[in-house]
Amino acid sequence: MGLAGLALFMAGMWAMILAVAAFLLIVVAPLEAILSVGRLAVSAVQGAIAITALLALVLGLSRMKRIYMHRKLG
Amino acid sequence: MLDVANLLIYGAAVSAISFFAILLQMPAAIKSLAAKGRAVPDAHKRDRPMIPRPAGPVIMAGIAAAEIALYLLTMNTAVLAVLLSTVIAFAVGYVDDSKVMPGWFKPVALLAAAVPIVVLDLFVGGVHGDSLNLVFGSAFIPLLYIPLIFVIIPVAGNTINSIDVLNGVASGFIIIATIPLLASIAIFGSHEVFLAALPLLFAALAFYRYHRFPSRIFPGDSGTLLLGAMYGALAIAGSSEIIGVIALLPAVMNSFLFLASVKRIVEHRQVKARPTILTDDFKLAASTDRAAPATLVRLIVADGPLGEKEVGYKIIKLAGFTALLAFASIAIQYLVMGLG
């Protein structure tokens with residue numbers, strides 16, 4: 001397997017990053033226009049959603065890492 | 001906006017300044033550091049030869065000369081912000097090179113390297129936009145973008161620092177990762193930031209001549225932190241944040257694996273169980289110790305022991321693969337922009 005396995009792992013990371021980027025664009029970016037509260041409140045809501053999305057990404061990567069490490073190192 | 005003739009002339013000038021300043025100064029720096037006894041053992045070689053360190057001051061001098069020349073030619077604030085961030089990251093690394101600092105020092109002190117980008121944009125303007133480039137479009141996040149800068153710079157600096165484990169890897173990695181970053185800045189950023197990115201590529205190319213296997217000098221923390229922080233500052237100023245992360249994926253993965261294993265910010269030297277062991281024939285093998293942290297090198301040698309040069313070559317090949325992924329992301333964004 002060698003480098004192909006690691007390349008596949010990185011392709012998986014890439015796909016997850018693009019998925020999070022698309023989610024942030026679809027969900028977080030329009031909040032500026034949708035919410036009619038102050039900029040600070042909008043930024044706080046955007047920040048909370050973005051951090052949650054990033055945590056989900058890290059959790060996903062962690063799961064992927066565990067499976068990969070188990071196969072590689074036993 | 002610069003015209004094509006100026007772009008070519010300025011580009012050639014800053015590239016040449018950065019490349020030749022480093023290429024010509026490095027032999028004298030190697031001699032001087034060796035004479036002063038500022039050297040560390042190369043742990044993966046037979047006889048553990050002493051290798052001079054750090055090359056950071058020479059790399060900094062070459063990049064600073066090129067960026068100052070570019071700033072005088074363009075008077076562009078983004079160029080100044082990139083230069084100041086790089087200088088601060090170099091200073092942080094130089095302190096760590098001179099004195100053993102605790103694990104938290106580098107990530108915390110690197111926050112200071114983000115300050116010029118934020119402050120110059122606030123008081124002068126034109127350093128970064130208020131939107132985050134998300135490949136499929138941009139998100140207007142004027143307030144959130146500032147904390148993001150304070151995350152990107154320390155992460156980029158420490159990521160390159162953590163991949164500096166074998167001869168030639170950090171410099172070779174920066175060369176490959178900077179190519180898609182340059183392409184992205186040229187398309188989605190500004191001419192001035194594109195020109196400011198050229199000294200990073202040419203500095204890494206010149207340094208690689210001395211850092212490749214077998215290394216004649218090590219970059220030290222001052223060298224790796226300045227390369228990483230400059231990469232991060234360019235990604236911010238050049239509206240190429242996500243593309244920059246994708247091109248850095250092998251190094252990001254290495255940091256992520258390490259942090260997920262040790263579950264705290266700690267220096268590699270403080271970790272007792274080593275991720276790899278050196279065999280009798282001086283090959284790297286994966287540690288069987290369950291307490292050993294996971295790293296990119298440990299995963300690469302999991303299939304069997306490999307020589308240092310072979311492991312370095314495999315990391316560079318992975319960097320080439322993620323550079324292709326970064327180019328694919330640039331193509332996606334270009335198509336989306338065209339359709340929009």
# chains A, B, ... in the order shown; residues from 1 in each chain; ligands from 1
call {"tool": "residues_around", "arguments": {"residues": "range 154-157 of chain B", "least_positions_apart": "3", "cutoff": "8 Å", "atoms": "only C-alpha atoms", "output": "list of chain:residue names"}}
result
B:Ala89, B:Lys106, B:Pro107, B:Val108, B:Leu110, B:Leu111, B:Ala113, B:Ala114, B:Phe150, B:Val151, B:Ile160, B:Asn161, B:Thr224, B:Leu225, B:Leu226, B:Leu227, B:Gly228, B:Ala229, B:Met230, B:Tyr231, B:Gly232
call {"tool": "select_by_dssp", "arguments": {"residues": "range 39-227 of chain B", "states": "strand (DSSP E or B)", "output": "ChimeraX atom specification"}}
result
/B:39-41,50-52,131-133,138-140
call {"tool": "write_last_selection", "arguments": {"atoms": "C-alpha atoms", "output": "PDB file, in the first residue's frame"}}
result
ATOM      1  CA  ALA B  39      26.089  22.946  15.841  1.00  0.00           C
ATOM      2  CA  VAL B  40      23.793  20.034  16.723  1.00  0.00           C
ATOM      3  CA  PRO B  41      24.204  16.304  15.992  1.00  0.00           C
ATOM      4  CA  MET B  50      27.682  17.974  14.003  1.00  0.00           C
ATOM      5  CA  ILE B  51      25.669  20.239  11.675  1.00  0.00           C
ATOM      6  CA  PRO B  52      25.736  24.067  12.061  1.00  0.00           C
ATOM      7  CA  SER B 131     -13.971  38.118   3.076  1.00  0.00           C
ATOM      8  CA  LEU B 132     -12.695  34.572   3.477  1.00  0.00           C
ATOM      9  CA  ASN B 133     -12.011  32.839   0.172  1.00  0.00           C
ATOM     10  CA  SER B 138     -16.310  34.232  -0.512  1.00  0.00           C
ATOM     11  CA  ALA B 139     -17.878  34.766   2.905  1.00  0.00           C
ATOM     12  CA  PHE B 140     -18.034  38.395   4.088  1.00  0.00           C
TER      13      PHE B 140
END
call {"tool": "closest_atom_pairs", "arguments": {"of": "chain A", "to": "chain B", "cutoff": "10 Å", "atoms": "only C-alpha atoms", "output": "Markdown table"}}
result
| residue | atom | partner | partner_atom | distance |
| --- | --- | --- | --- | --- |
| A:Met1 | CA | B:Asp303 | CA | 8.2 |
| A:Gly2 | CA | B:Asp303 | CA | 6.5 |
| A:Leu3 | CA | B:Ile300 | CA | 7.1 |
| A:Ala4 | CA | B:Leu318 | CA | 9.4 |
| A:Gly5 | CA | B:Ile300 | CA | 9.7 |
| A:Leu6 | CA | B:Leu318 | CA | 8.0 |
| A:Ala7 | CA | B:Leu318 | CA | 6.6 |
| A:Phe9 | CA | B:Met253 | CA | 9.4 |
| A:Met10 | CA | B:Leu249 | CA | 6.9 |
| A:Ala11 | CA | B:Leu325 | CA | 7.7 |
| A:Met13 | CA | B:Leu249 | CA | 8.0 |
| A:Trp14 | CA | B:Ile246 | CA | 6.6 |
| A:Ala15 | CA | B:Leu325 | CA | 9.7 |
| A:Ile17 | CA | B:Ile246 | CA | 8.2 |
| A:Leu18 | CA | B:Val135 | CA | 7.6 |
| A:Val20 | CA | B:Leu134 | CA | 9.1 |
| A:Ala21 | CA | B:Leu134 | CA | 5.3 |
| A:Ala22 | CA | B:Phe136 | CA | 6.4 |
| A:Phe23 | CA | B:Leu134 | CA | 9.6 |
| A:Leu24 | CA | B:Ala139 | CA | 7.8 |
| A:Leu25 | CA | B:Ala139 | CA | 6.0 |
| A:Ile26 | CA | B:Ala139 | CA | 9.2 |
| A:Val27 | CA | B:Ala139 | CA | 10.0 |
| A:Val28 | CA | B:Ala139 | CA | 7.6 |
| A:Ala29 | CA | B:Ala139 | CA | 4.8 |
| A:Pro30 | CA | B:Ala139 | CA | 8.1 |
| A:Leu31 | CA | B:Phe140 | CA | 9.9 |
| A:Glu32 | CA | B:Phe140 | CA | 8.0 |
| A:Arg39 | CA | B:Leu143 | CA | 8.2 |
| A:Leu40 | CA | B:Leu143 | CA | 7.6 |
| A:Val42 | CA | B:Ile141 | CA | 9.4 |
| A:Ser43 | CA | B:Leu144 | CA | 6.2 |
| A:Ala44 | CA | B:Leu144 | CA | 8.2 |
| A:Gln46 | CA | B:Leu144 | CA | 8.0 |
| A:Gly47 | CA | B:Leu144 | CA | 6.7 |
| A:Ala50 | CA | B:Leu144 | CA | 9.8 |
| A:Val58 | CA | B:Phe256 | CA | 8.9 |
| A:Leu61 | CA | B:Phe256 | CA | 8.9 |
| A:Ser62 | CA | B:Ala260 | CA | 7.5 |
| A:Lys65 | CA | B:Leu257 | CA | 7.6 |
| A:Arg66 | CA | B:Leu257 | CA | 9.8 |
| A:Tyr68 | CA | B:Leu299 | CA | 9.4 |
| A:Met69 | CA | B:Leu299 | CA | 7.8 |
| A:Lys72 | CA | B:Ala302 | CA | 6.4 |
| A:Leu73 | CA | B:Ala302 | CA | 6.4 |
| A:Gly74 | CA | B:Thr288 | CA | 9.2 |
call {"tool": "write_last_selection", "arguments": {"atoms": "N, CA and C atoms", "output": "short mmCIF file (atom, residue, chain, number, x, y, z; two decimals), in the first residue's frame"}}
result
data_model
loop_
_atom_site.label_atom_id
_atom_site.label_comp_id
_atom_site.auth_asym_id
_atom_site.auth_seq_id
_atom_site.Cartn_x
_atom_site.Cartn_y
_atom_site.Cartn_z
N MET A 1 0.86 -1.21 0.00
CA MET A 1 0.00 0.00 0.00
C MET A 1 0.89 1.25 0.00
N GLY A 2 1.81 1.36 0.98
CA GLY A 2 2.79 2.44 1.02
C GLY A 2 2.19 3.82 0.94
N LEU A 3 2.71 4.59 -0.01
CA LEU A 3 2.33 6.00 -0.12
C LEU A 3 0.88 6.18 -0.63
N ALA A 4 0.37 5.19 -1.35
CA ALA A 4 -0.99 5.29 -1.90
C ALA A 4 -2.02 5.46 -0.78
N GLY A 5 -1.80 4.74 0.33
CA GLY A 5 -2.72 4.84 1.46
C GLY A 5 -2.71 6.24 2.06
N LEU A 6 -1.51 6.80 2.20
CA LEU A 6 -1.40 8.16 2.75
C LEU A 6 -2.00 9.20 1.80
N ALA A 7 -1.76 8.98 0.48
CA ALA A 7 -2.32 9.89 -0.52
C ALA A 7 -3.85 9.85 -0.46
N PHE A 9 -5.61 9.10 2.20
CA PHE A 9 -5.95 9.79 3.45
C PHE A 9 -6.00 11.30 3.20
N MET A 10 -5.01 11.80 2.46
CA MET A 10 -4.95 13.25 2.19
C MET A 10 -6.06 13.69 1.24
N ALA A 11 -6.40 12.82 0.30
CA ALA A 11 -7.52 13.14 -0.60
C ALA A 11 -8.82 13.21 0.23
N MET A 13 -8.95 14.10 3.41
CA MET A 13 -8.87 15.38 4.15
C MET A 13 -9.29 16.53 3.24
N TRP A 14 -8.82 16.49 2.01
CA TRP A 14 -9.13 17.54 1.02
C TRP A 14 -10.64 17.63 0.80
N ALA A 15 -11.26 16.44 0.60
CA ALA A 15 -12.71 16.41 0.36
C ALA A 15 -13.47 16.98 1.57
N ILE A 17 -12.32 19.18 3.78
CA ILE A 17 -12.09 20.63 3.85
C ILE A 17 -13.02 21.35 2.86
N LEU A 18 -13.12 20.80 1.64
CA LEU A 18 -14.00 21.42 0.64
C LEU A 18 -15.47 21.35 1.09
N VAL A 20 -16.56 21.35 4.22
CA VAL A 20 -16.75 22.36 5.28
C VAL A 20 -16.80 23.76 4.65
N ALA A 21 -15.94 24.01 3.65
CA ALA A 21 -15.93 25.32 2.97
C ALA A 21 -17.29 25.58 2.32
N ALA A 22 -17.84 24.56 1.67
CA ALA A 22 -19.15 24.71 1.01
C ALA A 22 -20.23 24.96 2.06
N PHE A 23 -20.16 24.23 3.18
CA PHE A 23 -21.15 24.40 4.25
C PHE A 23 -21.10 25.84 4.80
N LEU A 24 -19.87 26.32 5.04
CA LEU A 24 -19.73 27.68 5.58
C LEU A 24 -20.29 28.72 4.60
N LEU A 25 -20.08 28.47 3.31
CA LEU A 25 -20.56 29.41 2.29
C LEU A 25 -22.09 29.42 2.21
N ILE A 26 -22.66 28.21 2.33
CA ILE A 26 -24.12 28.10 2.18
C ILE A 26 -24.84 28.55 3.45
N VAL A 27 -24.27 28.20 4.62
CA VAL A 27 -24.98 28.46 5.89
C VAL A 27 -24.53 29.74 6.59
N VAL A 28 -23.20 29.93 6.69
CA VAL A 28 -22.69 31.05 7.51
C VAL A 28 -22.73 32.38 6.77
N ALA A 29 -22.27 32.39 5.53
CA ALA A 29 -22.16 33.65 4.79
C ALA A 29 -23.49 34.42 4.66
N PRO A 30 -24.63 33.72 4.35
CA PRO A 30 -25.88 34.49 4.16
C PRO A 30 -26.46 35.07 5.44
N LEU A 31 -25.97 34.65 6.62
CA LEU A 31 -26.53 35.14 7.88
C LEU A 31 -26.48 36.66 7.98
N GLU A 32 -25.45 37.25 7.38
CA GLU A 32 -25.27 38.71 7.37
C GLU A 32 -26.54 39.40 6.83
N ARG A 39 -24.11 43.86 13.94
CA ARG A 39 -23.00 43.12 13.32
C ARG A 39 -22.29 42.20 14.31
N LEU A 40 -22.17 42.69 15.56
CA LEU A 40 -21.47 41.90 16.58
C LEU A 40 -22.22 40.59 16.86
N VAL A 42 -24.35 39.08 14.81
CA VAL A 42 -24.27 38.24 13.61
C VAL A 42 -22.92 37.51 13.60
N SER A 43 -21.84 38.26 13.91
CA SER A 43 -20.50 37.66 13.91
C SER A 43 -20.39 36.56 14.97
N ALA A 44 -21.04 36.78 16.12
CA ALA A 44 -21.00 35.77 17.19
C ALA A 44 -21.69 34.49 16.73
N GLN A 46 -22.17 33.58 13.56
CA GLN A 46 -21.34 33.01 12.49
C GLN A 46 -20.14 32.26 13.09
N GLY A 47 -19.53 32.89 14.10
CA GLY A 47 -18.37 32.28 14.75
C GLY A 47 -18.72 30.94 15.40
N ALA A 50 -19.24 28.36 12.70
CA ALA A 50 -17.97 28.01 12.05
C ALA A 50 -17.13 27.12 12.97
N VAL A 58 -12.64 18.19 12.68
CA VAL A 58 -11.58 17.57 13.50
C VAL A 58 -12.02 16.18 13.98
N LEU A 61 -11.80 13.84 11.08
CA LEU A 61 -10.39 13.51 10.82
C LEU A 61 -9.85 12.54 11.87
N SER A 62 -10.27 12.76 13.11
CA SER A 62 -9.84 11.90 14.21
C SER A 62 -10.29 10.46 13.98
N LYS A 65 -8.33 9.00 11.18
CA LYS A 65 -6.97 8.72 11.65
C LYS A 65 -6.94 7.40 12.44
N ARG A 66 -7.96 7.22 13.32
CA ARG A 66 -8.00 6.02 14.15
C ARG A 66 -8.07 4.76 13.29
N TYR A 68 -7.21 4.48 10.14
CA TYR A 68 -5.98 4.35 9.34
C TYR A 68 -4.82 3.83 10.21
N MET A 69 -4.70 4.41 11.42
CA MET A 69 -3.61 4.00 12.32
C MET A 69 -3.76 2.53 12.72
N LYS A 72 -2.58 0.43 9.90
CA LYS A 72 -1.14 0.57 9.64
C LYS A 72 -0.26 0.03 10.76
N LEU A 73 -0.60 0.44 11.99
CA LEU A 73 0.29 0.12 13.12
C LEU A 73 -0.27 -0.96 14.03
N GLY A 74 -1.51 -1.34 13.82
CA GLY A 74 -2.11 -2.41 14.62
C GLY A 74 -2.54 -1.97 15.98
#
call {"tool": "residues_around", "arguments": {"residues": "Leu120 in chain B", "least_positions_apart": "2", "cutoff": "12 Å", "atoms": "only C-alpha atoms", "output": "list in words"}}
result
Asn76, Thr77, Ala78, Val79, Leu80, Ala81, Val82, Leu83, Leu84, Ser85, Ala114, Val115, Pro116, Ile117, Val118, Leu122, Phe123, Val124, Gly125, Gly126, Val127, His128 and Ala237 of chain B
call {"tool": "atom_distance", "arguments": {"atom1": "CA of Pro214 in chain B", "atom2": "CA of Ala55 in chain B"}}
result
15.2 Å
call {"tool": "select_by_dssp", "arguments": {"residues": "chain A", "states": "alpha helix (DSSP H)", "output": "PyMOL selection string"}}
result
chain A and resi 3-23+31-34+39-73
call {"tool": "residues_around", "arguments": {"residues": "Ala21 in chain B", "least_positions_apart": "5", "cutoff": "12 Å", "atoms": "only C-alpha atoms", "output": "ChimeraX atom specification"}}
result
/B:13-16,26-29,57-66,199,202-207
